[in-house]
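Comments concern the structure below.
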Amino acid sequence: MKVKERLINTFKLLGYTLSELDGMKPFFEGQNLNNQFYRRILLKNFFAVIETYLYISREMVLVKSLIDRDNDGLSWEEMSLLNQKKAGLNAKGEVIATDTYQNFIPSFRFSLSIFAKAFDSEMPDFSDIRFNHLQKMIKRRNDLTHPKSHQDISITDEEIKMLIPMFGWFINLHGKIDIGFKIWLEKIWPDL
């Protein structure tokens with residue numbers, strides 16, 4: 001896939017995700033926030049959006065390295081993580097690449113930090129209390145995906161009070177580190 005095509009595909013994914021965010025507005029109505037079904041959908045969709053943003057962030061760092069023809073000081077280990085690949089050998093001694101995935105929290109930290117580094121943006125602040133809430137909510141998302149009891153699929157009022165500000169914090173955090181990306185994008189593709 002050509003670099004420009006890769007960039008366009010990534011922007012299409014971003015556009016779709018932004019329209020999903022817009023479609024989530026009715027979930028914030030009082031009656032819906034009191035319904036367990038809507039609470040579960042909200043939590044799952046928030047994390048789907050976060051995961052998409054993380055993927056897009058890693059993809060944009062890769063695109064930048066291809067366009068700029070350098071790795072911006074990225075190590076081969078970082079490049080391997082960005083590509084989510086691990087090199088190995090098959091029985092014939094041929095090099096093969098296998099997919100690799102990281103746990104959510106380390107991947108979250110890495111994706112946002114490498115994005116900020118690549119685009120000379122403000123480094124993310126992971127000391128915020130809402131980052132702690134993110135860690136708690138990822139466990140809840142996993143509980144929802146693999147429930148073992150009724151409590152695993154019930155989202156409390158307290159968790160909703162953590163979830164919504166946590167998601168807002170993430171969107172604002174990504175917006176801050178996105179500034180360097182926008183400046184770079186205007187330089188390489190002014191007619192976008």
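We name chains A, B, ... following the order of the structure tokens; residues begin at 1 in each chain, and ligands are numbered from 1 as shown.
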How close does stretch 150-184 of chain A get to stretch 13-34 of chain A? List, as a Markdown table, each residue of stretch 150-184 of chain A within 10 Å, its nearest atom pair and the distance in Å to one decimal, counting only C-alpha atoms.
```
| residue | atom | partner | partner_atom | distance |
| --- | --- | --- | --- | --- |
| A:Ile155 | CA | A:Asn34 | CA | 9.6 |
| A:Thr156 | CA | A:Asn34 | CA | 9.4 |
| A:Asp157 | CA | A:Asn34 | CA | 8.2 |
| A:Ile160 | CA | A:Leu33 | CA | 8.0 |
| A:Ile164 | CA | A:Phe28 | CA | 9.2 |
```
TODO: Write out as an MDAnalysis selection string each polymer residue whose atoms come within 10 Å of stretch 67-81 of chain A, counting only C-alpha atoms; drop sequence neighbours fewer than 5 positions from it.
DONE: chainID A and resid 3:4 58 61:62 86:87 99:102 107 110:111 114 117:119 188
What would the file look like if the residues just selected were written as a PDB file, in the first residue's frame with N, CA, C and O atoms?
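As written to disk, out_20.pdb reads:
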```
ATOM      1  N   VAL A   3       2.024   5.137   0.607  1.00  0.00           N
ATOM      2  CA  VAL A   3       1.948   5.938   1.827  1.00  0.00           C
ATOM      3  C   VAL A   3       0.709   6.824   1.833  1.00  0.00           C
ATOM      4  O   VAL A   3      -0.014   6.879   2.833  1.00  0.00           O
ATOM      5  N   LYS A   4       0.432   7.490   0.722  1.00  0.00           N
ATOM      6  CA  LYS A   4      -0.726   8.388   0.675  1.00  0.00           C
ATOM      7  C   LYS A   4      -2.019   7.594   0.864  1.00  0.00           C
ATOM      8  O   LYS A   4      -2.929   8.025   1.582  1.00  0.00           O
ATOM      9  N   ARG A  58      -0.351   5.252  16.333  1.00  0.00           N
ATOM     10  CA  ARG A  58       0.802   4.429  15.919  1.00  0.00           C
ATOM     11  C   ARG A  58       0.955   4.450  14.398  1.00  0.00           C
ATOM     12  O   ARG A  58       2.067   4.555  13.876  1.00  0.00           O
ATOM     13  N   VAL A  61       2.600   7.656  13.167  1.00  0.00           N
ATOM     14  CA  VAL A  61       4.045   7.658  13.399  1.00  0.00           C
ATOM     15  C   VAL A  61       4.737   6.846  12.297  1.00  0.00           C
ATOM     16  O   VAL A  61       5.765   7.270  11.758  1.00  0.00           O
ATOM     17  N   LEU A  62       4.157   5.708  11.937  1.00  0.00           N
ATOM     18  CA  LEU A  62       4.728   4.901  10.854  1.00  0.00           C
ATOM     19  C   LEU A  62       4.680   5.648   9.523  1.00  0.00           C
ATOM     20  O   LEU A  62       5.659   5.646   8.762  1.00  0.00           O
ATOM     21  N   LYS A  86       6.632  -9.271  15.289  1.00  0.00           N
ATOM     22  CA  LYS A  86       7.819  -9.850  15.894  1.00  0.00           C
ATOM     23  C   LYS A  86       8.454 -10.720  14.820  1.00  0.00           C
ATOM     24  O   LYS A  86       7.759 -11.481  14.136  1.00  0.00           O
ATOM     25  N   ALA A  87       9.758 -10.597  14.648  1.00  0.00           N
ATOM     26  CA  ALA A  87      10.459 -11.400  13.653  1.00  0.00           C
ATOM     27  C   ALA A  87      10.876 -12.727  14.269  1.00  0.00           C
ATOM     28  O   ALA A  87      11.217 -12.809  15.448  1.00  0.00           O
ATOM     29  N   ASP A  99       2.283 -11.593  14.289  1.00  0.00           N
ATOM     30  CA  ASP A  99       1.604 -10.511  14.993  1.00  0.00           C
ATOM     31  C   ASP A  99       1.906 -10.592  16.482  1.00  0.00           C
ATOM     32  O   ASP A  99       2.047 -11.679  17.039  1.00  0.00           O
ATOM     33  N   THR A 100       1.984  -9.439  17.085  1.00  0.00           N
ATOM     34  CA  THR A 100       2.179  -9.371  18.521  1.00  0.00           C
ATOM     35  C   THR A 100       1.304  -8.250  19.078  1.00  0.00           C
ATOM     36  O   THR A 100       1.085  -7.239  18.412  1.00  0.00           O
ATOM     37  N   TYR A 101       0.778  -8.464  20.236  1.00  0.00           N
ATOM     38  CA  TYR A 101      -0.092  -7.476  20.866  1.00  0.00           C
ATOM     39  C   TYR A 101       0.366  -7.260  22.297  1.00  0.00           C
ATOM     40  O   TYR A 101       0.877  -8.167  22.937  1.00  0.00           O
ATOM     41  N   GLN A 102       0.147  -6.043  22.766  1.00  0.00           N
ATOM     42  CA  GLN A 102       0.565  -5.677  24.118  1.00  0.00           C
ATOM     43  C   GLN A 102      -0.673  -5.512  24.997  1.00  0.00           C
ATOM     44  O   GLN A 102      -1.773  -5.287  24.511  1.00  0.00           O
ATOM     45  N   SER A 107       0.426  -0.420  26.249  1.00  0.00           N
ATOM     46  CA  SER A 107       0.214   0.002  24.862  1.00  0.00           C
ATOM     47  C   SER A 107      -0.327   1.433  24.814  1.00  0.00           C
ATOM     48  O   SER A 107       0.070   2.231  23.957  1.00  0.00           O
ATOM     49  N   PHE A 110       2.633   3.736  25.613  1.00  0.00           N
ATOM     50  CA  PHE A 110       3.568   3.731  24.491  1.00  0.00           C
ATOM     51  C   PHE A 110       3.006   4.505  23.298  1.00  0.00           C
ATOM     52  O   PHE A 110       3.679   5.355  22.719  1.00  0.00           O
ATOM     53  N   SER A 111       1.772   4.201  22.920  1.00  0.00           N
ATOM     54  CA  SER A 111       1.183   4.810  21.721  1.00  0.00           C
ATOM     55  C   SER A 111       1.124   6.324  21.821  1.00  0.00           C
ATOM     56  O   SER A 111       1.496   7.035  20.878  1.00  0.00           O
ATOM     57  N   ILE A 114       4.899   7.796  22.037  1.00  0.00           N
ATOM     58  CA  ILE A 114       5.647   7.729  20.775  1.00  0.00           C
ATOM     59  C   ILE A 114       5.064   8.721  19.766  1.00  0.00           C
ATOM     60  O   ILE A 114       5.786   9.322  18.975  1.00  0.00           O
ATOM     61  N   LYS A 117       6.334  12.119  20.831  1.00  0.00           N
ATOM     62  CA  LYS A 117       7.756  12.187  20.497  1.00  0.00           C
ATOM     63  C   LYS A 117       7.945  12.430  18.999  1.00  0.00           C
ATOM     64  O   LYS A 117       8.724  13.303  18.602  1.00  0.00           O
ATOM     65  N   ALA A 118       7.255  11.673  18.171  1.00  0.00           N
ATOM     66  CA  ALA A 118       7.427  11.774  16.721  1.00  0.00           C
ATOM     67  C   ALA A 118       7.000  13.128  16.173  1.00  0.00           C
ATOM     68  O   ALA A 118       7.581  13.620  15.205  1.00  0.00           O
ATOM     69  N   PHE A 119       5.992  13.730  16.787  1.00  0.00           N
ATOM     70  CA  PHE A 119       5.461  14.983  16.253  1.00  0.00           C
ATOM     71  C   PHE A 119       5.799  16.190  17.126  1.00  0.00           C
ATOM     72  O   PHE A 119       5.162  17.239  17.019  1.00  0.00           O
ATOM     73  N   ILE A 188       3.369  18.682   4.837  1.00  0.00           N
ATOM     74  CA  ILE A 188       3.553  17.666   3.803  1.00  0.00           C
ATOM     75  C   ILE A 188       2.364  17.542   2.860  1.00  0.00           C
ATOM     76  O   ILE A 188       2.496  17.018   1.754  1.00  0.00           O
TER      77      ILE A 188
END
```
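Shortest separation to A:Lys176 among A:Ile105, A:Ala116, A:Ala48, A:Leu89 occurs at residue A:Ala116, atoms counted being only C-alpha atoms.
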Pick out each residue of stretch 82-186 of chain A that DSSP on the backbone tags as alpha helix (DSSP H); I need them as a compact mmCIF listing (two decimals) with N, CA, C and O atoms, in the first residue's frame.
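Resulting contents of states.txt:
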```
# COMPACT_ATOMS: atom_id res chain seq x y z
N LEU A 82 5.46 -0.52 16.89
CA LEU A 82 4.53 0.25 16.07
C LEU A 82 3.88 -0.63 15.00
O LEU A 82 2.70 -0.47 14.70
N ASN A 83 4.64 -1.53 14.45
CA ASN A 83 4.13 -2.44 13.42
C ASN A 83 3.38 -3.63 14.01
O ASN A 83 2.80 -4.41 13.27
N PHE A 104 -3.20 -3.56 27.41
CA PHE A 104 -3.78 -2.26 27.12
C PHE A 104 -3.00 -1.09 27.73
O PHE A 104 -2.66 -0.13 27.03
N ILE A 105 -2.74 -1.10 29.02
CA ILE A 105 -2.13 0.06 29.68
C ILE A 105 -0.72 0.35 29.15
O ILE A 105 -0.43 1.50 28.79
N PRO A 106 0.18 -0.65 29.05
CA PRO A 106 1.47 -0.33 28.45
C PRO A 106 1.35 0.16 27.00
O PRO A 106 2.06 1.08 26.59
N SER A 107 0.43 -0.42 26.25
CA SER A 107 0.21 0.00 24.86
C SER A 107 -0.33 1.43 24.81
O SER A 107 0.07 2.23 23.96
N PHE A 108 -1.21 1.76 25.73
CA PHE A 108 -1.76 3.11 25.83
C PHE A 108 -0.64 4.13 26.06
O PHE A 108 -0.53 5.11 25.34
N ARG A 109 0.19 3.84 27.05
CA ARG A 109 1.31 4.74 27.37
C ARG A 109 2.26 4.88 26.19
O ARG A 109 2.67 5.98 25.82
N PHE A 110 2.63 3.74 25.61
CA PHE A 110 3.57 3.73 24.49
C PHE A 110 3.01 4.50 23.30
O PHE A 110 3.68 5.36 22.72
N SER A 111 1.77 4.20 22.92
CA SER A 111 1.18 4.81 21.72
C SER A 111 1.12 6.32 21.82
O SER A 111 1.50 7.03 20.88
N LEU A 112 0.67 6.84 22.95
CA LEU A 112 0.57 8.29 23.10
C LEU A 112 1.94 8.95 23.25
O LEU A 112 2.18 10.03 22.70
N SER A 113 2.85 8.29 23.94
CA SER A 113 4.19 8.85 24.12
C SER A 113 4.98 8.87 22.81
O SER A 113 5.66 9.85 22.50
N ILE A 114 4.90 7.80 22.04
CA ILE A 114 5.65 7.73 20.78
C ILE A 114 5.06 8.72 19.77
O ILE A 114 5.79 9.32 18.97
N PHE A 115 3.75 8.91 19.81
CA PHE A 115 3.10 9.89 18.95
C PHE A 115 3.59 11.30 19.30
O PHE A 115 3.97 12.07 18.41
N ALA A 116 3.59 11.62 20.58
CA ALA A 116 4.06 12.94 21.02
C ALA A 116 5.52 13.13 20.65
O ALA A 116 5.92 14.21 20.18
N LYS A 117 6.33 12.12 20.83
CA LYS A 117 7.76 12.19 20.50
C LYS A 117 7.95 12.43 19.00
O LYS A 117 8.72 13.30 18.60
N ALA A 118 7.26 11.67 18.17
CA ALA A 118 7.43 11.77 16.72
C ALA A 118 7.00 13.13 16.17
O ALA A 118 7.58 13.62 15.20
N ILE A 129 -5.49 11.75 37.90
CA ILE A 129 -6.35 10.76 38.56
C ILE A 129 -7.21 10.03 37.54
O ILE A 129 -7.55 8.86 37.70
N ARG A 130 -7.53 10.69 36.43
CA ARG A 130 -8.36 10.05 35.42
C ARG A 130 -7.63 8.94 34.69
O ARG A 130 -8.24 8.03 34.15
N PHE A 131 -6.30 8.98 34.71
CA PHE A 131 -5.54 7.85 34.18
C PHE A 131 -5.74 6.63 35.09
O PHE A 131 -5.88 5.51 34.61
N ASN A 132 -5.79 6.86 36.40
CA ASN A 132 -6.09 5.78 37.33
C ASN A 132 -7.49 5.23 37.07
O ASN A 132 -7.73 4.02 37.14
N HIS A 133 -8.41 6.13 36.77
CA HIS A 133 -9.78 5.69 36.45
C HIS A 133 -9.78 4.86 35.16
O HIS A 133 -10.52 3.88 35.07
N LEU A 134 -8.97 5.24 34.20
CA LEU A 134 -8.85 4.46 32.97
C LEU A 134 -8.41 3.04 33.28
O LEU A 134 -8.96 2.07 32.73
N GLN A 135 -7.45 2.91 34.18
CA GLN A 135 -6.97 1.58 34.55
C GLN A 135 -8.07 0.74 35.21
O GLN A 135 -8.20 -0.45 34.95
N LYS A 136 -8.87 1.38 36.05
CA LYS A 136 -9.99 0.67 36.68
C LYS A 136 -11.05 0.30 35.65
O LYS A 136 -11.62 -0.80 35.68
N MET A 137 -11.31 1.20 34.71
CA MET A 137 -12.35 0.96 33.72
C MET A 137 -11.95 -0.09 32.69
O MET A 137 -12.79 -0.80 32.17
N ILE A 138 -10.66 -0.23 32.43
CA ILE A 138 -10.24 -1.29 31.50
C ILE A 138 -10.52 -2.65 32.13
O ILE A 138 -10.92 -3.60 31.45
N LYS A 139 -10.35 -2.75 33.44
CA LYS A 139 -10.70 -4.01 34.12
C LYS A 139 -12.20 -4.26 33.99
O LYS A 139 -12.62 -5.38 33.72
N ARG A 140 -12.99 -3.20 34.13
CA ARG A 140 -14.44 -3.36 34.00
C ARG A 140 -14.83 -3.76 32.59
O ARG A 140 -15.73 -4.57 32.39
N ARG A 141 -14.15 -3.20 31.59
CA ARG A 141 -14.43 -3.60 30.22
C ARG A 141 -14.15 -5.09 30.04
O ARG A 141 -14.92 -5.82 29.42
N ASN A 142 -13.06 -5.55 30.63
CA ASN A 142 -12.73 -6.98 30.54
C ASN A 142 -13.77 -7.83 31.27
O ASN A 142 -14.11 -8.92 30.81
N ASP A 143 -14.27 -7.33 32.40
CA ASP A 143 -15.34 -8.04 33.12
C ASP A 143 -16.59 -8.17 32.25
O ASP A 143 -17.24 -9.20 32.24
N LEU A 144 -16.91 -7.09 31.54
CA LEU A 144 -18.09 -7.12 30.66
C LEU A 144 -17.92 -8.11 29.52
O LEU A 144 -18.88 -8.75 29.09
N THR A 145 -16.71 -8.20 29.03
CA THR A 145 -16.43 -9.10 27.90
C THR A 145 -16.42 -10.56 28.34
O THR A 145 -16.82 -11.44 27.57
N ASP A 157 -23.14 3.54 39.71
CA ASP A 157 -23.17 5.00 39.54
C ASP A 157 -21.77 5.58 39.70
O ASP A 157 -21.38 6.49 38.96
N GLU A 158 -21.03 5.07 40.66
CA GLU A 158 -19.66 5.55 40.89
C GLU A 158 -18.78 5.31 39.67
O GLU A 158 -17.96 6.15 39.30
N GLU A 159 -18.95 4.16 39.03
CA GLU A 159 -18.15 3.86 37.83
C GLU A 159 -18.53 4.79 36.67
O GLU A 159 -17.66 5.23 35.93
N ILE A 160 -19.79 5.12 36.54
CA ILE A 160 -20.23 6.07 35.51
C ILE A 160 -19.60 7.44 35.78
O ILE A 160 -19.16 8.13 34.87
N LYS A 161 -19.54 7.82 37.07
CA LYS A 161 -18.94 9.10 37.45
C LYS A 161 -17.43 9.12 37.17
O LYS A 161 -16.85 10.20 37.02
N MET A 162 -16.80 7.96 37.10
CA MET A 162 -15.39 7.88 36.72
C MET A 162 -15.24 7.82 35.20
O MET A 162 -14.34 8.43 34.62
N LEU A 163 -16.13 7.08 34.56
CA LEU A 163 -16.01 6.77 33.13
C LEU A 163 -16.10 8.02 32.25
O LEU A 163 -15.25 8.23 31.38
N ILE A 164 -17.10 8.83 32.46
CA ILE A 164 -17.33 9.97 31.56
C ILE A 164 -16.20 11.00 31.67
O ILE A 164 -15.65 11.40 30.64
N PRO A 165 -15.78 11.43 32.87
CA PRO A 165 -14.63 12.36 32.93
C PRO A 165 -13.33 11.72 32.41
O PRO A 165 -12.51 12.41 31.81
N MET A 166 -13.17 10.41 32.63
CA MET A 166 -11.98 9.73 32.13
C MET A 166 -11.92 9.82 30.61
O MET A 166 -10.89 10.11 30.03
N PHE A 167 -13.05 9.60 29.96
CA PHE A 167 -13.08 9.66 28.51
C PHE A 167 -12.83 11.09 28.03
O PHE A 167 -12.08 11.30 27.06
N GLY A 168 -13.41 12.06 28.68
CA GLY A 168 -13.14 13.46 28.34
C GLY A 168 -11.67 13.80 28.49
O GLY A 168 -11.09 14.51 27.66
N TRP A 169 -11.06 13.29 29.56
CA TRP A 169 -9.62 13.50 29.77
C TRP A 169 -8.83 12.92 28.61
O TRP A 169 -7.91 13.56 28.10
N PHE A 170 -9.19 11.73 28.18
CA PHE A 170 -8.47 11.10 27.07
C PHE A 170 -8.59 11.94 25.80
O PHE A 170 -7.61 12.18 25.10
N ILE A 171 -9.80 12.38 25.48
CA ILE A 171 -10.01 13.17 24.27
C ILE A 171 -9.20 14.47 24.34
O ILE A 171 -8.55 14.86 23.36
N ASN A 172 -9.20 15.14 25.50
CA ASN A 172 -8.41 16.36 25.65
C ASN A 172 -6.91 16.08 25.57
O ASN A 172 -6.17 16.84 24.95
N LEU A 173 -6.48 15.00 26.18
CA LEU A 173 -5.06 14.62 26.13
C LEU A 173 -4.62 14.37 24.69
O LEU A 173 -3.59 14.88 24.25
N HIS A 174 -5.42 13.62 23.97
CA HIS A 174 -5.06 13.35 22.57
C HIS A 174 -5.08 14.64 21.75
O HIS A 174 -4.23 14.83 20.87
N GLY A 175 -6.01 15.53 22.05
CA GLY A 175 -6.05 16.81 21.35
C GLY A 175 -4.79 17.63 21.56
O GLY A 175 -4.29 18.27 20.63
N LYS A 176 -4.24 17.60 22.76
CA LYS A 176 -3.01 18.33 23.06
C LYS A 176 -1.82 17.78 22.28
O LYS A 176 -1.02 18.54 21.73
N ILE A 177 -1.69 16.47 22.24
CA ILE A 177 -0.53 15.91 21.55
C ILE A 177 -0.74 15.88 20.05
O ILE A 177 0.21 15.68 19.29
N ASP A 178 -1.97 16.12 19.61
CA ASP A 178 -2.30 16.12 18.19
C ASP A 178 -1.81 17.39 17.48
O ASP A 178 -1.71 17.43 16.26
N ILE A 179 -1.49 18.43 18.22
CA ILE A 179 -1.10 19.72 17.65
C ILE A 179 0.13 19.57 16.75
O ILE A 179 0.15 20.07 15.62
N GLY A 180 1.15 18.88 17.21
CA GLY A 180 2.36 18.68 16.41
C GLY A 180 2.08 17.90 15.13
O GLY A 180 2.66 18.17 14.07
N PHE A 181 1.17 16.95 15.22
CA PHE A 181 0.78 16.18 14.04
C PHE A 181 0.13 17.08 13.00
O PHE A 181 0.44 17.01 11.81
N LYS A 182 -0.77 17.95 13.43
CA LYS A 182 -1.46 18.84 12.50
C LYS A 182 -0.48 19.77 11.80
O LYS A 182 -0.61 20.03 10.60
N ILE A 183 0.51 20.27 12.53
CA ILE A 183 1.53 21.14 11.94
C ILE A 183 2.32 20.37 10.88
O ILE A 183 2.56 20.86 9.78
N TRP A 184 2.73 19.14 11.21
CA TRP A 184 3.48 18.32 10.26
C TRP A 184 2.63 18.02 9.03
O TRP A 184 3.11 18.09 7.90
N LEU A 185 1.37 17.68 9.23
CA LEU A 185 0.49 17.32 8.13
C LEU A 185 0.30 18.49 7.17
O LEU A 185 0.30 18.31 5.95
N GLU A 186 0.16 19.70 7.70
CA GLU A 186 0.01 20.88 6.84
C GLU A 186 1.25 21.10 5.98
O GLU A 186 1.15 21.58 4.86
```
TODO: May I have all residues of stretch 2-180 of chain A that DSSP, computed from the backbone, assigns to strand (DSSP E), given as a PyMOL selection string?
DONE: chain A and resi 85-89+95-99
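A straight line drawn from atom CA of A:Ser121 to atom CA of A:Lys2 is 26.2 Å long.
What separates atom CA of A:Glu122 from atom CA of A:Leu54 is a distance of 16.3 Å.
Atom CA of A:Asn103 is positioned 14.5 Å from atom CA of A:Lys85.
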